[in-house]
Number of protein chains: 4
Amino acid sequence: MGSRRFDFRLRVPYAHVDKMGIVYYAHYLVYFEMARSAMFREAGLPYGELESRGILLPVIEAHCEYRKPAGFDDELCVTVHNFEQRGAVLHVEYEVKKGEKLLAAGYTHHVCLSPRGKVLKPSPELKRFLE
Amino acid sequence: MGSRRFDFRLRVPYAHVDKMGIVYYAHYLVYFEMARSAMFREAGLPYGELESRGILLPVIEAHCEYRKPAGFDDELCVTVHNFEQRGAVLHVEYEVKKGEKLLAAGYTHHVCLSPRGKVLKPSPELKRFLE
Amino acid sequence: MGSRRFDFRLRVPYAHVDKMGIVYYAHYLVYFEMARSAMFREAGLPYGELESRGILLPVIEAHCEYRKPAGFDDELCVTVHNFEQRGAVLHVEYEVKKGEKLLAAGYTHHVCLSPRGKVLKPSPELKRFLE
Amino acid sequence: MGSRRFDFRLRVPYAHVDKMGIVYYAHYLVYFEMARSAMFREAGLPYGELESRGILLPVIEAHCEYRKPAGFDDELCVTVHNFEQRGAVLHVEYEVKKGEKLLAAGYTHHVCLSPRGKVLKPSPELKRFLE
């Protein structure tokens, strides 16, 4: 994907906001996933189809830095701004913004697995997607 | 609100889908909340503002019937199709559909509380909203 | 199971507590599930084994009444106090207490399904369990 | 805390298991929090009390590496095996094991904040706890 960017918008539900009045930290990993899935879907390669063809992309590493808090009902934009293959690993980078303000940034690492847990080479579709 | 209806759309994240490949049952209550909050926001009465003026609307009862399962990446429409006061209780009814198919239906009951837990009469704004 | 009771204890994580400082309503359905699964496990009939033998017990109806709030770090006791078959439906009732105080009460309804979605009669093990 | 270790045990609920039959990645951050809170509680310094005295410990960075999957009903042990101050940052390290098998490892970084968002020096209790 290189330098292309993909934006995904979401509204913070009450369910995600903790006692401090801010989004609980684990939900950002879900926001990353929602943006990632939307990116696949928009690219014509829905992750559900990949799975039904026997290609799983489990997360093997996740990282997030929290700069500023998000609150209830905030409209957030999650940007996937890097998506590349690094050997057997798919590296995906994310930013979460509220307006112009950067709230959080992070990445996930994935491997291609068969349903039985065998490490796969990226499929031709995924390769095309990555290029 | 009477017979007015409010529609809220969402896409099922991977995070919400269980081993059976269907949306885990508790998430429907979150979907109800998302639709309810969106309705308040669209009506110009964001729930966050109500709260900051000292009006809380905690749930005192919730009910959901699950007719058909939803799956990963499904686009769902949550309709708030009834919203009325019944004595001290706000009664809100919901339907969750995928296309024309009814997946789930339920309701929530709320009371108006002060931050210290005193039961309040609905505020004028809320009353106007209800009418 | 009739009049037998099963108790399950849990501690409320920060993740479950909302802006009002109380457990968000949807989590009670997860607490119900945790108690239900613990009951199956303790009875020597882990739900995971039922599933791997092709018996699924999806929820078709859920109900909860919220009497008093639970807060962060509270130790809760979820009691399954009724578990019975009503025709094709398994009816399970729950109470959530903090010490002697009743916080919430509710029920779930389940059907026995094959992995392909066929309604099954309860298996002999499940029947024995129910008796 | 230095070289002391703190163990926290939990059972994986059905709610946390995804379509692949494994614990969805974001839940590990909740498991980290549950272990962290249990550690504070056991040390006689419940996090809820810290908060009510105006000391918040929001997460500013989280990291997790996923080595092997956990499944439904698995009993996991989350070990906090390092907890130290690094300048203004509290660094906490975690391991998640199933029996002897290491499933995941990670860390969280926290700052001490006042409820109004001012960075605080660690309180005497917290300092004693850290030593």
# chains A, B, ... in the order shown; residues from 1 in each chain; ligands from 1
>>> residues_around(residues="region 6-15 of chain A", least_positions_apart="2", cutoff="7 Å", atoms="only C-alpha atoms", output="list of chain:residue names")
A:Arg4, A:Val17, A:Ala35, A:Met39, A:Gly71, A:Phe72, A:Asp73, A:Asp74, A:Glu75, A:Leu76, A:Cys77, A:Val78, A:Thr79, A:Val80, A:His81, B:Val30, B:Met34, C:Asp18, C:Tyr24
>>> residues_around(residues="Leu113 (chain B)", least_positions_apart="6", cutoff="12 Å", atoms="only C-alpha atoms", output="list of chain:residue names")
B:Leu50, B:Glu51, B:Arg53, B:Gly54, B:Ile55, B:Leu56, B:Leu57, B:Pro58, B:Val59, B:Ile60, B:Ala88, B:Val89, B:Leu90, B:Val119, B:Leu120, B:Lys121, B:Pro122, B:Ser123, C:Met20
>>> interface_residues(of="chain D", to="chain A", cutoff="12 Å", atoms="only C-alpha atoms", output="PDB file with N, CA and C atoms, in the first residue's frame")
ATOM      1  N   ASP D  18     -13.040 -15.065  19.779  1.00  0.00           N
ATOM      2  CA  ASP D  18     -13.501 -14.606  18.466  1.00  0.00           C
ATOM      3  C   ASP D  18     -13.795 -15.769  17.521  1.00  0.00           C
ATOM      4  N   LYS D  19     -14.079 -15.427  16.268  1.00  0.00           N
ATOM      5  CA  LYS D  19     -14.398 -16.413  15.228  1.00  0.00           C
ATOM      6  C   LYS D  19     -13.340 -17.473  15.035  1.00  0.00           C
ATOM      7  N   MET D  20     -12.067 -17.089  15.294  1.00  0.00           N
ATOM      8  CA  MET D  20     -10.972 -18.049  15.136  1.00  0.00           C
ATOM      9  C   MET D  20     -10.926 -19.001  16.327  1.00  0.00           C
ATOM     10  N   GLY D  21     -11.775 -18.736  17.326  1.00  0.00           N
ATOM     11  CA  GLY D  21     -11.785 -19.584  18.521  1.00  0.00           C
ATOM     12  C   GLY D  21     -10.720 -19.200  19.535  1.00  0.00           C
ATOM     13  N   ILE D  22     -10.156 -18.000  19.364  1.00  0.00           N
ATOM     14  CA  ILE D  22      -9.092 -17.554  20.266  1.00  0.00           C
ATOM     15  C   ILE D  22      -9.461 -16.202  20.894  1.00  0.00           C
ATOM     16  N   VAL D  23      -8.821 -15.901  22.027  1.00  0.00           N
ATOM     17  CA  VAL D  23      -9.114 -14.638  22.696  1.00  0.00           C
ATOM     18  C   VAL D  23      -8.735 -13.470  21.787  1.00  0.00           C
ATOM     19  N   TYR D  24      -9.680 -12.578  21.566  1.00  0.00           N
ATOM     20  CA  TYR D  24      -9.465 -11.386  20.741  1.00  0.00           C
ATOM     21  C   TYR D  24      -8.391 -10.504  21.388  1.00  0.00           C
ATOM     22  N   TYR D  25      -7.526  -9.934  20.562  1.00  0.00           N
ATOM     23  CA  TYR D  25      -6.290  -9.334  21.085  1.00  0.00           C
ATOM     24  C   TYR D  25      -6.474  -8.206  22.092  1.00  0.00           C
ATOM     25  N   ALA D  26      -7.523  -7.411  21.968  1.00  0.00           N
ATOM     26  CA  ALA D  26      -7.698  -6.267  22.870  1.00  0.00           C
ATOM     27  C   ALA D  26      -7.945  -6.694  24.319  1.00  0.00           C
ATOM     28  N   HIS D  27      -8.495  -7.897  24.518  1.00  0.00           N
ATOM     29  CA  HIS D  27      -8.825  -8.324  25.882  1.00  0.00           C
ATOM     30  C   HIS D  27      -7.581  -8.495  26.750  1.00  0.00           C
ATOM     31  N   TYR D  28      -6.443  -8.766  26.118  1.00  0.00           N
ATOM     32  CA  TYR D  28      -5.214  -8.911  26.920  1.00  0.00           C
ATOM     33  C   TYR D  28      -4.908  -7.627  27.686  1.00  0.00           C
ATOM     34  N   LEU D  29      -5.251  -6.485  27.107  1.00  0.00           N
ATOM     35  CA  LEU D  29      -5.012  -5.228  27.835  1.00  0.00           C
ATOM     36  C   LEU D  29      -5.923  -5.149  29.061  1.00  0.00           C
ATOM     37  N   VAL D  30      -7.111  -5.707  28.958  1.00  0.00           N
ATOM     38  CA  VAL D  30      -8.001  -5.772  30.121  1.00  0.00           C
ATOM     39  C   VAL D  30      -7.426  -6.744  31.157  1.00  0.00           C
ATOM     40  N   TYR D  31      -6.882  -7.862  30.698  1.00  0.00           N
ATOM     41  CA  TYR D  31      -6.272  -8.824  31.627  1.00  0.00           C
ATOM     42  C   TYR D  31      -5.105  -8.162  32.366  1.00  0.00           C
ATOM     43  N   PHE D  32      -4.310  -7.369  31.639  1.00  0.00           N
ATOM     44  CA  PHE D  32      -3.216  -6.636  32.287  1.00  0.00           C
ATOM     45  C   PHE D  32      -3.786  -5.740  33.399  1.00  0.00           C
ATOM     46  N   GLU D  33      -4.849  -5.024  33.082  1.00  0.00           N
ATOM     47  CA  GLU D  33      -5.445  -4.117  34.077  1.00  0.00           C
ATOM     48  C   GLU D  33      -5.967  -4.881  35.285  1.00  0.00           C
ATOM     49  N   GLY D  48      -8.860   2.236  43.522  1.00  0.00           N
ATOM     50  CA  GLY D  48     -10.039   3.072  43.750  1.00  0.00           C
ATOM     51  C   GLY D  48      -9.789   4.122  44.830  1.00  0.00           C
ATOM     52  N   GLU D  51      -7.579   6.877  43.449  1.00  0.00           N
ATOM     53  CA  GLU D  51      -8.418   7.776  42.648  1.00  0.00           C
ATOM     54  C   GLU D  51      -9.228   8.726  43.516  1.00  0.00           C
ATOM     55  N   SER D  52      -9.788   8.176  44.601  1.00  0.00           N
ATOM     56  CA  SER D  52     -10.652   9.046  45.417  1.00  0.00           C
ATOM     57  C   SER D  52      -9.810  10.073  46.185  1.00  0.00           C
ATOM     58  N   GLY D  54      -7.487  11.599  44.527  1.00  0.00           N
ATOM     59  CA  GLY D  54      -7.062  12.528  43.484  1.00  0.00           C
ATOM     60  C   GLY D  54      -5.802  12.126  42.741  1.00  0.00           C
ATOM     61  N   ILE D  55      -5.501  10.820  42.758  1.00  0.00           N
ATOM     62  CA  ILE D  55      -4.327  10.340  42.015  1.00  0.00           C
ATOM     63  C   ILE D  55      -4.790   9.371  40.931  1.00  0.00           C
ATOM     64  N   LEU D  56      -4.704   9.799  39.692  1.00  0.00           N
ATOM     65  CA  LEU D  56      -5.098   8.943  38.572  1.00  0.00           C
ATOM     66  C   LEU D  56      -3.832   8.389  37.917  1.00  0.00           C
ATOM     67  N   LEU D  57      -3.947   7.183  37.378  1.00  0.00           N
ATOM     68  CA  LEU D  57      -2.794   6.562  36.708  1.00  0.00           C
ATOM     69  C   LEU D  57      -3.147   6.153  35.279  1.00  0.00           C
ATOM     70  N   PRO D  58      -3.508   7.099  34.429  1.00  0.00           N
ATOM     71  CA  PRO D  58      -3.896   6.709  33.067  1.00  0.00           C
ATOM     72  C   PRO D  58      -2.727   6.079  32.303  1.00  0.00           C
ATOM     73  N   VAL D  59      -3.102   5.228  31.337  1.00  0.00           N
ATOM     74  CA  VAL D  59      -2.123   4.548  30.490  1.00  0.00           C
ATOM     75  C   VAL D  59      -1.675   5.501  29.394  1.00  0.00           C
ATOM     76  N   ILE D  60      -0.373   5.649  29.211  1.00  0.00           N
ATOM     77  CA  ILE D  60       0.110   6.476  28.098  1.00  0.00           C
ATOM     78  C   ILE D  60       0.753   5.631  26.994  1.00  0.00           C
ATOM     79  N   GLU D  61       0.991   4.356  27.303  1.00  0.00           N
ATOM     80  CA  GLU D  61       1.558   3.469  26.284  1.00  0.00           C
ATOM     81  C   GLU D  61       1.230   2.033  26.677  1.00  0.00           C
ATOM     82  N   ALA D  62       0.890   1.220  25.676  1.00  0.00           N
ATOM     83  CA  ALA D  62       0.614  -0.198  25.937  1.00  0.00           C
ATOM     84  C   ALA D  62       1.214  -1.020  24.813  1.00  0.00           C
ATOM     85  N   HIS D  63       1.709  -2.183  25.185  1.00  0.00           N
ATOM     86  CA  HIS D  63       2.363  -3.050  24.207  1.00  0.00           C
ATOM     87  C   HIS D  63       2.069  -4.496  24.563  1.00  0.00           C
ATOM     88  N   CYS D  64       1.805  -5.308  23.528  1.00  0.00           N
ATOM     89  CA  CYS D  64       1.584  -6.730  23.787  1.00  0.00           C
ATOM     90  C   CYS D  64       2.085  -7.576  22.632  1.00  0.00           C
ATOM     91  N   GLU D  65       2.798  -8.645  22.966  1.00  0.00           N
ATOM     92  CA  GLU D  65       3.206  -9.636  21.967  1.00  0.00           C
ATOM     93  C   GLU D  65       2.456 -10.926  22.235  1.00  0.00           C
ATOM     94  N   TYR D  66       1.879 -11.464  21.161  1.00  0.00           N
ATOM     95  CA  TYR D  66       1.009 -12.620  21.265  1.00  0.00           C
ATOM     96  C   TYR D  66       1.759 -13.835  20.720  1.00  0.00           C
ATOM     97  N   ARG D  67       2.131 -14.763  21.599  1.00  0.00           N
ATOM     98  CA  ARG D  67       2.934 -15.924  21.178  1.00  0.00           C
ATOM     99  C   ARG D  67       2.057 -17.119  20.824  1.00  0.00           C
ATOM    100  N   LYS D  68       1.101 -17.433  21.727  1.00  0.00           N
ATOM    101  CA  LYS D  68       0.229 -18.590  21.502  1.00  0.00           C
ATOM    102  C   LYS D  68      -1.186 -18.181  21.889  1.00  0.00           C
ATOM    103  N   PRO D  69      -2.180 -18.750  21.221  1.00  0.00           N
ATOM    104  CA  PRO D  69      -3.547 -18.318  21.509  1.00  0.00           C
ATOM    105  C   PRO D  69      -4.103 -18.905  22.809  1.00  0.00           C
ATOM    106  N   LEU D 103       1.792 -17.373  26.785  1.00  0.00           N
ATOM    107  CA  LEU D 103       0.889 -17.008  25.689  1.00  0.00           C
ATOM    108  C   LEU D 103       1.142 -15.593  25.194  1.00  0.00           C
ATOM    109  N   ALA D 104       1.425 -14.683  26.120  1.00  0.00           N
ATOM    110  CA  ALA D 104       1.574 -13.279  25.731  1.00  0.00           C
ATOM    111  C   ALA D 104       2.428 -12.554  26.754  1.00  0.00           C
ATOM    112  N   ALA D 105       3.059 -11.485  26.303  1.00  0.00           N
ATOM    113  CA  ALA D 105       3.870 -10.667  27.208  1.00  0.00           C
ATOM    114  C   ALA D 105       3.743  -9.229  26.756  1.00  0.00           C
ATOM    115  N   GLY D 106       3.789  -8.312  27.718  1.00  0.00           N
ATOM    116  CA  GLY D 106       3.657  -6.910  27.341  1.00  0.00           C
ATOM    117  C   GLY D 106       3.943  -5.979  28.485  1.00  0.00           C
ATOM    118  N   TYR D 107       3.698  -4.712  28.237  1.00  0.00           N
ATOM    119  CA  TYR D 107       3.893  -3.721  29.299  1.00  0.00           C
ATOM    120  C   TYR D 107       2.897  -2.584  29.127  1.00  0.00           C
ATOM    121  N   THR D 108       2.719  -1.838  30.209  1.00  0.00           N
ATOM    122  CA  THR D 108       1.978  -0.573  30.134  1.00  0.00           C
ATOM    123  C   THR D 108       2.810   0.515  30.797  1.00  0.00           C
ATOM    124  N   HIS D 109       2.656   1.736  30.307  1.00  0.00           N
ATOM    125  CA  HIS D 109       3.265   2.911  30.926  1.00  0.00           C
ATOM    126  C   HIS D 109       2.146   3.822  31.424  1.00  0.00           C
ATOM    127  N   HIS D 110       2.367   4.390  32.595  1.00  0.00           N
ATOM    128  CA  HIS D 110       1.372   5.248  33.240  1.00  0.00           C
ATOM    129  C   HIS D 110       2.040   6.525  33.725  1.00  0.00           C
ATOM    130  N   VAL D 111       1.259   7.599  33.810  1.00  0.00           N
ATOM    131  CA  VAL D 111       1.702   8.779  34.557  1.00  0.00           C
ATOM    132  C   VAL D 111       0.728   9.021  35.705  1.00  0.00           C
ATOM    133  N   LEU D 113      -1.591  11.526  37.439  1.00  0.00           N
ATOM    134  CA  LEU D 113      -2.277  12.760  37.054  1.00  0.00           C
ATOM    135  C   LEU D 113      -3.258  13.162  38.152  1.00  0.00           C
ATOM    136  N   SER D 114      -3.440  14.461  38.299  1.00  0.00           N
ATOM    137  CA  SER D 114      -4.554  14.949  39.114  1.00  0.00           C
ATOM    138  C   SER D 114      -5.826  14.842  38.274  1.00  0.00           C
ATOM    139  N   PRO D 115      -6.998  14.881  38.919  1.00  0.00           N
ATOM    140  CA  PRO D 115      -8.249  14.806  38.144  1.00  0.00           C
ATOM    141  C   PRO D 115      -8.357  15.908  37.090  1.00  0.00           C
ATOM    142  N   ARG D 116      -7.614  17.041  37.284  1.00  0.00           N
ATOM    143  CA  ARG D 116      -7.650  18.101  36.280  1.00  0.00           C
ATOM    144  C   ARG D 116      -6.568  17.952  35.227  1.00  0.00           C
ATOM    145  N   GLY D 117      -5.803  16.851  35.322  1.00  0.00           N
ATOM    146  CA  GLY D 117      -4.858  16.565  34.255  1.00  0.00           C
ATOM    147  C   GLY D 117      -3.454  17.093  34.503  1.00  0.00           C
TER     148      GLY D 117
END
>>> select_by_dssp(residues="chain A", states="strand (DSSP E)", output="ChimeraX atom specification")
/A:6-11,59-66,75-86,89-98,101-111
>>> write_last_selection(atoms="C-alpha atoms", output="compact mmCIF listing (two decimals), in the first residue's frame")
# COMPACT_ATOMS: atom_id res chain seq x y z
CA PHE A 6 -7.24 5.11 4.60
CA ASP A 7 -9.60 6.99 6.91
CA PHE A 8 -12.27 5.42 9.08
CA ARG A 9 -14.67 7.46 11.18
CA LEU A 10 -16.41 6.36 14.36
CA ARG A 11 -18.37 7.87 17.23
CA VAL A 59 -2.32 -10.25 15.48
CA ILE A 60 1.09 -11.20 16.86
CA GLU A 61 2.02 -7.79 18.24
CA ALA A 62 0.13 -4.60 19.10
CA HIS A 63 1.33 -1.24 20.29
CA CYS A 64 -0.41 2.00 21.15
CA GLU A 65 0.70 5.39 22.48
CA TYR A 66 -1.97 7.53 24.08
CA GLU A 75 -16.12 11.74 16.49
CA LEU A 76 -12.78 10.09 15.85
CA CYS A 77 -10.91 9.47 12.63
CA VAL A 78 -8.68 6.40 12.55
CA THR A 79 -6.16 6.57 9.71
CA VAL A 80 -4.28 3.53 8.44
CA HIS A 81 -1.22 5.30 7.10
CA ASN A 82 1.15 2.47 6.44
CA PHE A 83 0.52 -1.12 5.46
CA GLU A 84 3.48 -3.16 4.31
CA GLN A 85 5.03 -6.58 4.29
CA ARG A 86 8.18 -7.08 6.32
CA VAL A 89 4.97 -10.05 8.93
CA LEU A 90 2.28 -7.57 7.84
CA HIS A 91 2.96 -4.25 9.52
CA VAL A 92 0.03 -1.83 9.85
CA GLU A 93 0.24 1.67 11.34
CA TYR A 94 -2.60 3.77 12.72
CA GLU A 95 -3.32 7.25 13.95
CA VAL A 96 -6.43 8.30 15.87
CA LYS A 97 -7.42 11.95 15.56
CA LYS A 98 -10.19 14.17 16.82
CA LYS A 101 -5.64 16.75 17.31
CA LEU A 102 -3.65 13.49 17.40
CA LEU A 103 -5.03 11.36 20.25
CA ALA A 104 -3.23 8.07 19.75
CA ALA A 105 -0.86 6.26 17.42
CA GLY A 106 0.12 2.64 17.16
CA TYR A 107 0.70 -0.41 15.03
CA THR A 108 -0.26 -4.06 14.73
CA HIS A 109 1.72 -6.97 13.33
CA HIS A 110 0.04 -9.92 11.69
CA VAL A 111 1.01 -13.23 10.12
>>> decode(residues="region 24-45 of chain A", atoms="N, CA and C atoms", output="CSV table (one decimal), in the first residue's frame")
chain,number,residue,atom,x,y,z
A,24,TYR,N,-11.5,4.0,27.5
A,24,TYR,CA,-10.6,3.0,28.1
A,24,TYR,C,-9.6,2.5,27.1
A,25,TYR,N,-8.4,2.3,27.5
A,25,TYR,CA,-7.3,2.1,26.6
A,25,TYR,C,-7.4,0.9,25.6
A,26,ALA,N,-8.0,-0.2,26.1
A,26,ALA,CA,-8.1,-1.4,25.2
A,26,ALA,C,-9.0,-1.2,24.0
A,27,HIS,N,-9.9,-0.2,24.1
A,27,HIS,CA,-10.8,0.0,22.9
A,27,HIS,C,-10.1,0.5,21.7
A,28,TYR,N,-8.9,1.2,21.9
A,28,TYR,CA,-8.2,1.7,20.7
A,28,TYR,C,-7.8,0.5,19.8
A,29,LEU,N,-7.5,-0.7,20.4
A,29,LEU,CA,-7.1,-1.8,19.6
A,29,LEU,C,-8.3,-2.3,18.7
A,30,VAL,N,-9.5,-2.1,19.3
A,30,VAL,CA,-10.7,-2.4,18.5
A,30,VAL,C,-10.9,-1.4,17.4
A,31,TYR,N,-10.6,-0.1,17.7
A,31,TYR,CA,-10.7,1.0,16.7
A,31,TYR,C,-9.7,0.7,15.5
A,32,PHE,N,-8.5,0.2,15.9
A,32,PHE,CA,-7.5,-0.2,14.9
A,32,PHE,C,-8.1,-1.2,14.0
A,33,GLU,N,-8.7,-2.3,14.6
A,33,GLU,CA,-9.3,-3.4,13.8
A,33,GLU,C,-10.4,-2.9,12.9
A,34,MET,N,-11.3,-2.0,13.4
A,34,MET,CA,-12.4,-1.5,12.6
A,34,MET,C,-11.9,-0.8,11.4
A,35,ALA,N,-10.8,0.0,11.6
A,35,ALA,CA,-10.2,0.7,10.4
A,35,ALA,C,-9.6,-0.2,9.4
A,36,ARG,N,-8.9,-1.2,10.0
A,36,ARG,CA,-8.2,-2.2,9.1
A,36,ARG,C,-9.3,-3.0,8.3
A,37,SER,N,-10.3,-3.4,9.0
A,37,SER,CA,-11.4,-4.2,8.3
A,37,SER,C,-12.1,-3.3,7.2
A,38,ALA,N,-12.3,-2.0,7.5
A,38,ALA,CA,-12.9,-1.1,6.6
A,38,ALA,C,-12.0,-1.0,5.4
A,39,MET,N,-10.7,-0.9,5.6
A,39,MET,CA,-9.8,-0.7,4.5
A,39,MET,C,-9.8,-1.9,3.6
A,40,PHE,N,-9.8,-3.1,4.2
A,40,PHE,CA,-9.9,-4.3,3.3
A,40,PHE,C,-11.2,-4.3,2.5
A,41,ARG,N,-12.3,-4.0,3.2
A,41,ARG,CA,-13.6,-4.0,2.5
A,41,ARG,C,-13.6,-3.0,1.4
A,42,GLU,N,-13.1,-1.8,1.6
A,42,GLU,CA,-13.1,-0.8,0.6
A,42,GLU,C,-12.2,-1.2,-0.6
A,43,ALA,N,-11.2,-2.0,-0.3
A,43,ALA,CA,-10.3,-2.4,-1.4
A,43,ALA,C,-10.8,-3.6,-2.1
A,44,GLY,N,-12.0,-4.0,-1.8
A,44,GLY,CA,-12.6,-5.1,-2.5
A,44,GLY,C,-12.1,-6.5,-2.1
A,45,LEU,N,-11.5,-6.5,-0.9
A,45,LEU,CA,-10.9,-7.7,-0.4
A,45,LEU,C,-11.4,-7.9,1.1
